[in-house]
Amino acid sequence: MTELINQQQRIFSQILNLKVIKRDGRIVSFNYQKITQAILKAFQEVNPTLTEENTMLIEQLVDGVTEDIAKRYTDDIKIYEIQSIVEHHLLESHQPEIARAYIRYRTERDLERAEASNINFRIKALQAEEQQVVNENANKDSRVFNTQRDLTAGIVAKSIGLTMLPAHVANAHQKGQIHFHDLDYHPYAPMSNCSLIDFKSMFEKGFKIGNADVESPRSIQTATAQMAQIIANVASSQYGGTSANRVDEVLAPYAEINLKKHQAVAAEWIEDPAKQTEYAIARTKKDIYDAMQSLEYEINTLYTSQGQTPFTTLGFGLGTSWIEREIQRAILEVRIGGIGTERRTAIFPKLVFTLKRGINLEKQDPNYDLKQLAIECATKRMYPDVLMFDKIVELTGSFKVPMGCRSFLQGWKDVNGQEVNDGRMNLGVVTLNLPRIALESNGQMDTFWNLLDERLGIVADALVYRVKRVKEAKPENAPILYMYGAFGDRLQIEDKVDELFNNKRATVSLGYIGLYEVATCFYGPDWENNSEAKIFTLDILRQLKAKADALGEQHGYHFSVYSTPSESLTDRFCRMDYDLFGSVPDITDKEYYTNSFHYDVRKKPTPFEKLDFEKDYPAFCSGGFIHYCEYPNMRQNPKALEAVWDYAYDRVGYLGTNTPIDHCYECGFDGDFDATARGFQCPSCGNRNPATCDVVKRTCGYLGNPQQRPMVNGRHKEISARVKHMK
């Protein structure tokens with residue numbers, strides 16, 4: 001017996017030092033648990049009900065395979081050699097069906113890897129209207145020609161892009177261990193991601209679009225028209241969202257020009273000075289409203305070259321002059337009024353209203369009335385989301401609105417010591433599949449941390465590659481960005497675009513998904529009130545941040561941890577893990593993974609409990625975050641929403657309001673439409689016709705209309721599972 005134990009210890013010691021050479025060239029430590037998982041999956045394919053006898057046989061097979069490997073290999077072993085040994089032991093154990101299932105599984109994985117870069121195969125999937133292809137982006141209407149053309153071009157770009165990536169990065173992406181975002185644009189083209197457009201300098205200095213040299217606007221109407229054109233051109237030259245920071249303050253000087261024109265007219269035609277002032281102010285207010293209404297219509301009717309409405313965010317709320325206040329008021333009133341003859345809820349732009357103590361937070365503040373209007377707007381149109389000024393400064397180092405829906409720049413100063421926010425950008429996102437690591441760990445905490453470290457190495461290589469590739473762009477590739485002011489400094493045609501990226505001026509994002517599912521693997525589905533479990537999830541983000549900070553110091557770009565707005569990814573990762581691990585209760589059986597650090601959407605904490613639970617996470621993921629609370633219809637109870645906003649002010653930086661605003665034009669129902677397998681329908685009359693109902697849901701950071709533009713199955717399931725946090 002002693003000799004047998006010593007032999008097993010020698011085997012175990014030997015395989016601990018054994019290295020496995022993967023197909024993509026990576027060298028990783030030998031992990032016998034992966035052999036166990038592969039054999040187990042083969043058994044379950046033949047017989048879903050695992051007997052005690054089968055369990056013992058699997059253990060014997062794994063022991064036999066491991067012992068065989070230890071005898072034959074001392075330094076390293078290729079992955080296909082391991083697979084051959086497994087197949088041999090399955091056949092030797094008189095398990096031909098299990099062996100066939102194992103071989104079939106490996107063949108299918110090889111075929112999937114090949115199909116991912118097979119243009120003909122992917123285009124056939126598009127033509128067959130496979131859901132995960134045509135509904136990957138809920139902002140794209142796959143029925144129209146320009147979107148179909150963009151989807152086709154995206155397939156070509158993805159296929160080529162996969163061959164451009166480092167082999168181990170492409171392999172990890174195809175396996176679902178990581179997600180290299182926006183492969184339909186990058187790395188095929190060296191494009192950048194989200195940005196804060198420098199509208200102020202573009203308006204002041206003028207700019208060029210196409211063949212037109214555009215001068216500084218001489219009215220607020222011209223300024224908003226130029227803003228719409230800039231947004232369209234920027235959105236066509238990058239991927240991701242575009243944001244206008246402090247738009248009320250940026251546009252105010254051009255409304256001042258309107259005021260002066262009206263004052264001149266009034267002085268010519270009206271004798272009474274008081275009447276002159278009254279006339280000029282009234283005309284300027286109308287100009288402001290008309291300009292903001294036009295901007296909303298322009299953005300919602302724009303199509304970029306990518307076949308979608310530009311993902312646009314307007315940030316406002318800090319201006320205190322009467323003109324700045326009037327711009328804020330107009331933005332909110334236009335949104336409350338709706339668009340079109342049916343007064344539907346506008347999907348874009350996303351509105352982000354800033355709360356700040358001393359300006360609008362409390363009753364004695366000068367802009368408190370605008371806070372009340374923002375609350376009314378949120379109860380009727382879901383937007384605006386709210387930023388808490390002091391908390392954003394604490395978390396990110398300076399105040400600014402997010403780029404797109406949630407990506408935050410960090411505080412940064414130029415060589416003159418001046419704080420710069422506008423004109424900065426993100427260089428892309430790579431997201432880590434955290435639930436996969438937890439499932440692979442099989443309950444072993446040490447294994448989890450080792451695997452996390454290994455996967456972070458792959459993500460780091462992917463992010464560094466993103467930076468390297470986007471630096472290969474030339475100013476002439478995207479003149480609106482690099483040469484005409486959208487990215488702030490204006491480069492010459494011979495300059496290097498890296499001048500706008502390096503020294504941490506640009507960010508690049510290490511994304512993650514599924515903290516809820518990770519903790520569920522180790523602590524069960526109701527872990528939110530378990531302090532040990534929460535510390536575990538915070539430690540995960542702490543390790544991600546440590547990795548990002550180290551990369552930033554090494555490479556000179558701001559690597560930030562980012563709570564990925566997982567629209568299609570919440571489906572993709574879960575679907576792939578279901579294929580690997582089967583139906584795992586409260587993890588893969590839900591058919592979706594939980595976004596970032598959010599509380600389980602199926603549970604019913606109060607808004608205050610939810611905020612208290614989530615408030616600790618953004619300190620470790622300041623590159624991107626948002627909190628949501630789910631409400632019933634709040635139109636008759638705006639004070640309740642205000643109470644949540646006020647409670648959140650000193651606790652979180654960024655808060656979204658999710659409240660039912662669906663409307664049926666056939667029966668007049670207002671509220672929450674029912675989620676069905678065929679989409680959303682009116683609970684009163686059963687209407688699901690997009691022409692006669694307006695269904696608006698929070699897709700992730702942005703709103704979406706799933707009747708007009710359907711979403712992937714996982715996102716549909718997640719929205720259906722949400723419960724209200726306030727009765």
# chains A, B, ... in the order shown; residues from 1 in each chain; ligands from 1
call {"tool": "closest_atom_pairs", "arguments": {"of": "region 301-335 of chain A", "to": "region 403-409 of chain A", "cutoff": "12 Å", "atoms": "only C-alpha atoms", "output": "tab-separated table"}}
result
residue	atom	partner	partner_atom	distance
A:Pro310	CA	A:Gly404	CA	9.9
A:Phe311	CA	A:Gly404	CA	6.5
A:Thr312	CA	A:Gly404	CA	6.4
A:Thr313	CA	A:Gly404	CA	6.0
A:Leu314	CA	A:Gly404	CA	9.4
A:Gly315	CA	A:Met403	CA	10.1
call {"tool": "write_last_selection", "arguments": {"atoms": "N, CA and C atoms", "output": "JSON list (two decimals), in the first residue's frame"}}
result
[["chain", "number", "residue", "atom", "x", "y", "z"],
["A", 310, "PRO", "N", -26.80, 56.72, -34.71],
["A", 310, "PRO", "CA", -25.61, 56.92, -33.87],
["A", 310, "PRO", "C", -25.94, 56.78, -32.38],
["A", 311, "PHE", "N", -25.14, 56.00, -31.67],
["A", 311, "PHE", "CA", -25.28, 55.89, -30.22],
["A", 311, "PHE", "C", -24.81, 57.22, -29.62],
["A", 312, "THR", "N", -25.75, 58.06, -29.25],
["A", 312, "THR", "CA", -25.42, 59.42, -28.84],
["A", 312, "THR", "C", -25.88, 59.69, -27.41],
["A", 313, "THR", "N", -25.03, 60.37, -26.64],
["A", 313, "THR", "CA", -25.37, 60.77, -25.28],
["A", 313, "THR", "C", -25.19, 62.27, -25.13],
["A", 314, "LEU", "N", -26.20, 62.93, -24.55],
["A", 314, "LEU", "CA", -26.11, 64.35, -24.22],
["A", 314, "LEU", "C", -26.03, 64.49, -22.70],
["A", 315, "GLY", "N", -24.98, 65.13, -22.21],
["A", 315, "GLY", "CA", -24.85, 65.41, -20.79],
["A", 315, "GLY", "C", -25.13, 66.87, -20.51]]
call {"tool": "closest_atom_pairs", "arguments": {"of": "region 419-499 of chain A", "to": "region 522-528 of chain A", "cutoff": "10 Å", "atoms": "only C-alpha atoms", "output": "JSON lines"}}
result
{"residue": "A:Ala438", "atom": "CA", "partner": "A:Phe522", "partner_atom": "CA", "distance": 7.9}
{"residue": "A:Leu439", "atom": "CA", "partner": "A:Phe522", "partner_atom": "CA", "distance": 9.4}
{"residue": "A:Ser441", "atom": "CA", "partner": "A:Phe522", "partner_atom": "CA", "distance": 9.6}
{"residue": "A:Asn442", "atom": "CA", "partner": "A:Phe522", "partner_atom": "CA", "distance": 8.9}
{"residue": "A:Gly443", "atom": "CA", "partner": "A:Phe522", "partner_atom": "CA", "distance": 6.0}
{"residue": "A:Gln444", "atom": "CA", "partner": "A:Phe522", "partner_atom": "CA", "distance": 8.4}
{"residue": "A:Met445", "atom": "CA", "partner": "A:Phe522", "partner_atom": "CA", "distance": 8.1}
call {"tool": "select_by_dssp", "arguments": {"residues": "region 406-583 of chain A", "states": "alpha helix (DSSP H)", "output": "PyMOL selection string"}}
result
chain A and resi 434-441+445-470+479-482+515-523+531-555+569-581
call {"tool": "atom_distance", "arguments": {"atom1": "CA of Val696 (chain A)", "atom2": "CA of Phe573 (chain A)"}}
result
25.0 Å
call {"tool": "residues_around", "arguments": {"residues": "Thr447 (chain A)", "least_positions_apart": "5", "cutoff": "12 Å", "atoms": "only C-alpha atoms", "output": "PyMOL selection string"}}
result
chain A and resi 29-34+437-442+452-454
call {"tool": "residues_around", "arguments": {"residues": "Gln543 (chain A)", "least_positions_apart": "4", "cutoff": "10 Å", "atoms": "only C-alpha atoms", "output": "list in words"}}
result
Trp449, Leu452, Asp453, Leu456, Leu538, Asp539, Lys547, Ala548, Asp549 and Phe620 of chain A
call {"tool": "write_last_selection", "arguments": {"atoms": "all heavy atoms", "output": "mmCIF file, in the first residue's frame"}}
result
data_model
loop_
_atom_site.group_PDB
_atom_site.id
_atom_site.type_symbol
_atom_site.label_atom_id
_atom_site.label_comp_id
_atom_site.auth_asym_id
_atom_site.auth_seq_id
_atom_site.Cartn_x
_atom_site.Cartn_y
_atom_site.Cartn_z
ATOM 1 N N TRP A 449 -8.409 31.085 -8.895
ATOM 2 C CA TRP A 449 -7.468 32.198 -8.953
ATOM 3 C C TRP A 449 -6.351 31.946 -9.958
ATOM 4 O O TRP A 449 -5.905 32.882 -10.646
ATOM 5 C CB TRP A 449 -6.887 32.466 -7.559
ATOM 6 C CG TRP A 449 -7.887 33.031 -6.602
ATOM 7 C CD1 TRP A 449 -8.378 32.436 -5.481
ATOM 8 C CD2 TRP A 449 -8.543 34.306 -6.682
ATOM 9 N NE1 TRP A 449 -9.293 33.256 -4.859
ATOM 10 C CE2 TRP A 449 -9.411 34.411 -5.575
ATOM 11 C CE3 TRP A 449 -8.474 35.359 -7.584
ATOM 12 C CZ2 TRP A 449 -10.198 35.538 -5.351
ATOM 13 C CZ3 TRP A 449 -9.265 36.483 -7.361
ATOM 14 C CH2 TRP A 449 -10.113 36.572 -6.265
ATOM 15 N N LEU A 452 -7.914 32.489 -13.374
ATOM 16 C CA LEU A 452 -8.138 33.921 -13.587
ATOM 17 C C LEU A 452 -6.843 34.604 -13.997
ATOM 18 O O LEU A 452 -6.818 35.428 -14.933
ATOM 19 C CB LEU A 452 -8.704 34.556 -12.315
ATOM 20 C CG LEU A 452 -8.921 36.080 -12.357
ATOM 21 C CD1 LEU A 452 -9.910 36.460 -13.456
ATOM 22 C CD2 LEU A 452 -9.399 36.596 -11.004
ATOM 23 N N ASP A 453 -5.771 34.268 -13.322
ATOM 24 C CA ASP A 453 -4.476 34.869 -13.657
ATOM 25 C C ASP A 453 -4.058 34.511 -15.078
ATOM 26 O O ASP A 453 -3.557 35.359 -15.834
ATOM 27 C CB ASP A 453 -3.428 34.397 -12.652
ATOM 28 C CG ASP A 453 -2.103 35.122 -12.835
ATOM 29 O OD1 ASP A 453 -2.076 36.357 -12.707
ATOM 30 O OD2 ASP A 453 -1.098 34.449 -13.124
ATOM 31 N N LEU A 456 -6.295 36.454 -17.530
ATOM 32 C CA LEU A 456 -5.928 37.866 -17.543
ATOM 33 C C LEU A 456 -4.694 38.100 -18.415
ATOM 34 O O LEU A 456 -4.553 39.160 -19.033
ATOM 35 C CB LEU A 456 -5.672 38.368 -16.124
ATOM 36 C CG LEU A 456 -6.916 38.712 -15.296
ATOM 37 C CD1 LEU A 456 -6.530 39.067 -13.867
ATOM 38 C CD2 LEU A 456 -7.695 39.855 -15.929
ATOM 39 N N LEU A 538 -15.452 41.281 -4.690
ATOM 40 C CA LEU A 538 -14.649 42.507 -4.691
ATOM 41 C C LEU A 538 -13.176 42.192 -4.934
ATOM 42 O O LEU A 538 -12.470 42.940 -5.629
ATOM 43 C CB LEU A 538 -14.813 43.247 -3.367
ATOM 44 C CG LEU A 538 -16.169 43.934 -3.151
ATOM 45 C CD1 LEU A 538 -16.325 44.369 -1.700
ATOM 46 C CD2 LEU A 538 -16.332 45.131 -4.077
ATOM 47 N N ASP A 539 -12.707 41.059 -4.396
ATOM 48 C CA ASP A 539 -11.318 40.655 -4.620
ATOM 49 C C ASP A 539 -11.063 40.348 -6.099
ATOM 50 O O ASP A 539 -9.956 40.585 -6.602
ATOM 51 C CB ASP A 539 -10.974 39.437 -3.765
ATOM 52 C CG ASP A 539 -10.743 39.795 -2.302
ATOM 53 O OD1 ASP A 539 -10.547 40.991 -2.008
ATOM 54 O OD2 ASP A 539 -10.781 38.873 -1.454
ATOM 55 N N LYS A 547 -4.180 44.319 -12.398
ATOM 56 C CA LYS A 547 -3.650 43.968 -13.719
ATOM 57 C C LYS A 547 -3.704 45.166 -14.654
ATOM 58 O O LYS A 547 -2.731 45.464 -15.364
ATOM 59 C CB LYS A 547 -4.450 42.801 -14.307
ATOM 60 C CG LYS A 547 -3.917 42.294 -15.640
ATOM 61 C CD LYS A 547 -2.575 41.610 -15.466
ATOM 62 C CE LYS A 547 -2.089 40.964 -16.735
ATOM 63 N NZ LYS A 547 -0.803 40.252 -16.555
ATOM 64 N N ALA A 548 -4.848 45.870 -14.655
ATOM 65 C CA ALA A 548 -5.001 47.031 -15.530
ATOM 66 C C ALA A 548 -4.003 48.127 -15.168
ATOM 67 O O ALA A 548 -3.377 48.736 -16.047
ATOM 68 C CB ALA A 548 -6.435 47.562 -15.445
ATOM 69 N N ASP A 549 -3.826 48.385 -13.874
ATOM 70 C CA ASP A 549 -2.888 49.421 -13.442
ATOM 71 C C ASP A 549 -1.458 49.069 -13.861
ATOM 72 O O ASP A 549 -0.693 49.947 -14.296
ATOM 73 C CB ASP A 549 -2.959 49.598 -11.923
ATOM 74 C CG ASP A 549 -4.257 50.253 -11.468
ATOM 75 O OD1 ASP A 549 -4.989 50.794 -12.331
ATOM 76 O OD2 ASP A 549 -4.539 50.207 -10.252
ATOM 77 N N PHE A 620 -13.340 49.839 -8.097
ATOM 78 C CA PHE A 620 -12.403 48.942 -8.778
ATOM 79 C C PHE A 620 -12.668 48.847 -10.281
ATOM 80 O O PHE A 620 -11.941 48.158 -10.993
ATOM 81 C CB PHE A 620 -12.473 47.547 -8.156
ATOM 82 C CG PHE A 620 -12.211 47.544 -6.682
ATOM 83 C CD1 PHE A 620 -13.250 47.424 -5.770
ATOM 84 C CD2 PHE A 620 -10.923 47.709 -6.197
ATOM 85 C CE1 PHE A 620 -13.010 47.442 -4.402
ATOM 86 C CE2 PHE A 620 -10.667 47.730 -4.830
ATOM 87 C CZ PHE A 620 -11.722 47.603 -3.925
#
call {"tool": "closest_atom_pairs", "arguments": {"of": "region 349-463 of chain A", "to": "region 585-603 of chain A", "cutoff": "10 Å", "atoms": "only C-alpha atoms", "output": "Markdown table"}}
result
| residue | atom | partner | partner_atom | distance |
| --- | --- | --- | --- | --- |
| A:Asn433 | CA | A:Tyr593 | CA | 9.7 |
| A:Leu434 | CA | A:Ser596 | CA | 9.9 |
| A:Pro435 | CA | A:Ile587 | CA | 8.0 |
| A:Leu439 | CA | A:Ile587 | CA | 9.3 |
call {"tool": "residues_around", "arguments": {"residues": "region 284-298 of chain A", "least_positions_apart": "6", "cutoff": "9 Å", "atoms": "only C-alpha atoms", "output": "PyMOL selection string"}}
result
chain A and resi 219-225+227-229+255-256+258-259+262+323+326-327+329-331+333-335+339-340+346+348-349
call {"tool": "residues_around", "arguments": {"residues": "region 667-671 of chain A", "least_positions_apart": "5", "cutoff": "8 Å", "atoms": "only C-alpha atoms", "output": "list of chain:residue names"}}
result
A:Asn633, A:Pro660, A:Ile661, A:Asp662, A:Cys682, A:Ser684, A:Cys685
call {"tool": "residues_around", "arguments": {"residues": "region 552-558 of chain A", "least_positions_apart": "6", "cutoff": "12 Å", "atoms": "only C-alpha atoms", "output": "PyMOL selection string"}}
result
chain A and resi 396+408-412+424-428+460-461+463-468+471+498-510+545-546+622-623
call {"tool": "closest_residue", "arguments": {"among": "A:Lys158, A:Lys41, A:Arg635, A:Arg23", "to": "Tyr105 (chain A)", "atoms": "only C-alpha atoms"}}
result
A:Lys41
call {"tool": "closest_residue", "arguments": {"among": "A:Gly154, A:Gly317, A:Gly457, A:Gly337", "to": "Asn367 (chain A)", "atoms": "only C-alpha atoms"}}
result
A:Gly317
call {"tool": "closest_residue", "arguments": {"among": "A:Leu162, A:Ile513, A:Ile79, A:Cys664", "to": "Arg688 (chain A)", "atoms": "only C-alpha atoms"}}
result
A:Cys664
call {"tool": "atom_distance", "arguments": {"atom1": "CA of Asp489 (chain A)", "atom2": "CA of Gly423 (chain A)"}}
result
7.6 Å
call {"tool": "closest_residue", "arguments": {"among": "A:Lys208, A:Met576, A:Glu92, A:Val46", "to": "Arg104 (chain A)", "atoms": "only C-alpha atoms"}}
result
A:Val46
call {"tool": "closest_residue", "arguments": {"among": "A:Ser563, A:Thr659, A:Ser192, A:Ser321", "to": "Asp385 (chain A)", "atoms": "only C-alpha atoms"}}
result
A:Thr659
call {"tool": "decode", "arguments": {"residues": "region 539-551 of chain A", "atoms": "all heavy atoms", "output": "JSON list (two decimals), in the first residue's frame"}}
result
[["chain", "number", "residue", "atom", "x", "y", "z"],
["A", 539, "ASP", "N", -12.71, 41.06, -4.40],
["A", 539, "ASP", "CA", -11.32, 40.65, -4.62],
["A", 539, "ASP", "C", -11.06, 40.35, -6.10],
["A", 539, "ASP", "O", -9.96, 40.58, -6.60],
["A", 539, "ASP", "CB", -10.97, 39.44, -3.77],
["A", 539, "ASP", "CG", -10.74, 39.79, -2.30],
["A", 539, "ASP", "OD1", -10.55, 40.99, -2.01],
["A", 539, "ASP", "OD2", -10.78, 38.87, -1.45],
["A", 540, "ILE", "N", -12.07, 39.82, -6.77],
["A", 540, "ILE", "CA", -11.93, 39.57, -8.22],
["A", 540, "ILE", "C", -11.69, 40.88, -8.95],
["A", 540, "ILE", "O", -10.75, 41.01, -9.76],
["A", 540, "ILE", "CB", -13.17, 38.85, -8.77],
["A", 540, "ILE", "CG1", -13.29, 37.45, -8.19],
["A", 540, "ILE", "CG2", -13.11, 38.79, -10.30],
["A", 540, "ILE", "CD1", -14.61, 36.76, -8.51],
["A", 541, "LEU", "N", -12.53, 41.89, -8.67],
["A", 541, "LEU", "CA", -12.34, 43.18, -9.33],
["A", 541, "LEU", "C", -11.04, 43.83, -8.90],
["A", 541, "LEU", "O", -10.38, 44.52, -9.70],
["A", 541, "LEU", "CB", -13.52, 44.10, -9.01],
["A", 541, "LEU", "CG", -14.86, 43.75, -9.64],
["A", 541, "LEU", "CD1", -15.83, 44.91, -9.50],
["A", 541, "LEU", "CD2", -14.72, 43.38, -11.11],
["A", 542, "ARG", "N", -10.64, 43.61, -7.66],
["A", 542, "ARG", "CA", -9.37, 44.17, -7.19],
["A", 542, "ARG", "C", -8.21, 43.58, -8.00],
["A", 542, "ARG", "O", -7.27, 44.31, -8.36],
["A", 542, "ARG", "CB", -9.20, 43.86, -5.70],
["A", 542, "ARG", "CG", -8.02, 44.58, -5.06],
["A", 542, "ARG", "CD", -7.96, 44.32, -3.56],
["A", 542, "ARG", "NE", -8.95, 45.11, -2.83],
["A", 542, "ARG", "CZ", -10.03, 44.61, -2.26],
["A", 542, "ARG", "NH1", -10.29, 43.32, -2.32],
["A", 542, "ARG", "NH2", -10.87, 45.39, -1.59],
["A", 543, "GLN", "N", -8.29, 42.29, -8.32],
["A", 543, "GLN", "CA", -7.23, 41.67, -9.12],
["A", 543, "GLN", "C", -7.25, 42.19, -10.55],
["A", 543, "GLN", "O", -6.20, 42.42, -11.16],
["A", 543, "GLN", "CB", -7.37, 40.14, -9.11],
["A", 543, "GLN", "CG", -6.26, 39.45, -9.90],
["A", 543, "GLN", "CD", -6.01, 38.02, -9.45],
["A", 543, "GLN", "OE1", -6.25, 37.67, -8.30],
["A", 543, "GLN", "NE2", -5.52, 37.19, -10.35],
["A", 544, "LEU", "N", -8.46, 42.40, -11.10],
["A", 544, "LEU", "CA", -8.56, 42.96, -12.44],
["A", 544, "LEU", "C", -7.95, 44.36, -12.48],
["A", 544, "LEU", "O", -7.22, 44.71, -13.42],
["A", 544, "LEU", "CB", -10.02, 43.02, -12.89],
["A", 544, "LEU", "CG", -10.56, 41.83, -13.70],
["A", 544, "LEU", "CD1", -10.42, 40.52, -12.93],
["A", 544, "LEU", "CD2", -12.03, 42.07, -14.07],
["A", 545, "LYS", "N", -8.25, 45.16, -11.45],
["A", 545, "LYS", "CA", -7.72, 46.52, -11.42],
["A", 545, "LYS", "C", -6.20, 46.52, -11.27],
["A", 545, "LYS", "O", -5.49, 47.34, -11.91],
["A", 545, "LYS", "CB", -8.34, 47.32, -10.27],
["A", 545, "LYS", "CG", -7.96, 48.80, -10.27],
["A", 545, "LYS", "CD", -8.66, 49.57, -9.18],
["A", 545, "LYS", "CE", -8.40, 51.07, -9.32],
["A", 545, "LYS", "NZ", -6.98, 51.41, -9.34],
["A", 546, "ALA", "N", -5.67, 45.62, -10.46],
["A", 546, "ALA", "CA", -4.22, 45.54, -10.30],
["A", 546, "ALA", "C", -3.55, 45.21, -11.65],
["A", 546, "ALA", "O", -2.50, 45.77, -11.99],
["A", 546, "ALA", "CB", -3.86, 44.48, -9.26],
["A", 547, "LYS", "N", -4.18, 44.32, -12.40],
["A", 547, "LYS", "CA", -3.65, 43.97, -13.72],
["A", 547, "LYS", "C", -3.70, 45.17, -14.65],
["A", 547, "LYS", "O", -2.73, 45.46, -15.36],
["A", 547, "LYS", "CB", -4.45, 42.80, -14.31],
["A", 547, "LYS", "CG", -3.92, 42.29, -15.64],
["A", 547, "LYS", "CD", -2.58, 41.61, -15.47],
["A", 547, "LYS", "CE", -2.09, 40.96, -16.74],
["A", 547, "LYS", "NZ", -0.80, 40.25, -16.56],
["A", 548, "ALA", "N", -4.85, 45.87, -14.66],
["A", 548, "ALA", "CA", -5.00, 47.03, -15.53],
["A", 548, "ALA", "C", -4.00, 48.13, -15.17],
["A", 548, "ALA", "O", -3.38, 48.74, -16.05],
["A", 548, "ALA", "CB", -6.43, 47.56, -15.44],
["A", 549, "ASP", "N", -3.83, 48.39, -13.87],
["A", 549, "ASP", "CA", -2.89, 49.42, -13.44],
["A", 549, "ASP", "C", -1.46, 49.07, -13.86],
["A", 549, "ASP", "O", -0.69, 49.95, -14.30],
["A", 549, "ASP", "CB", -2.96, 49.60, -11.92],
["A", 549, "ASP", "CG", -4.26, 50.25, -11.47],
["A", 549, "ASP", "OD1", -4.99, 50.79, -12.33],
["A", 549, "ASP", "OD2", -4.54, 50.21, -10.25],
["A", 550, "ALA", "N", -1.10, 47.80, -13.72],
["A", 550, "ALA", "CA", 0.25, 47.38, -14.10],
["A", 550, "ALA", "C", 0.47, 47.55, -15.60],
["A", 550, "ALA", "O", 1.54, 47.99, -16.04],
["A", 550, "ALA", "CB", 0.47, 45.92, -13.69],
["A", 551, "LEU", "N", -0.54, 47.23, -16.39],
["A", 551, "LEU", "CA", -0.44, 47.42, -17.85],
["A", 551, "LEU", "C", -0.29, 48.89, -18.20],
["A", 551, "LEU", "O", 0.46, 49.25, -19.11],
["A", 551, "LEU", "CB", -1.68, 46.83, -18.54],
["A", 551, "LEU", "CG", -1.79, 45.32, -18.58],
["A", 551, "LEU", "CD1", -3.18, 44.89, -19.05],
["A", 551, "LEU", "CD2", -0.73, 44.72, -19.51]]
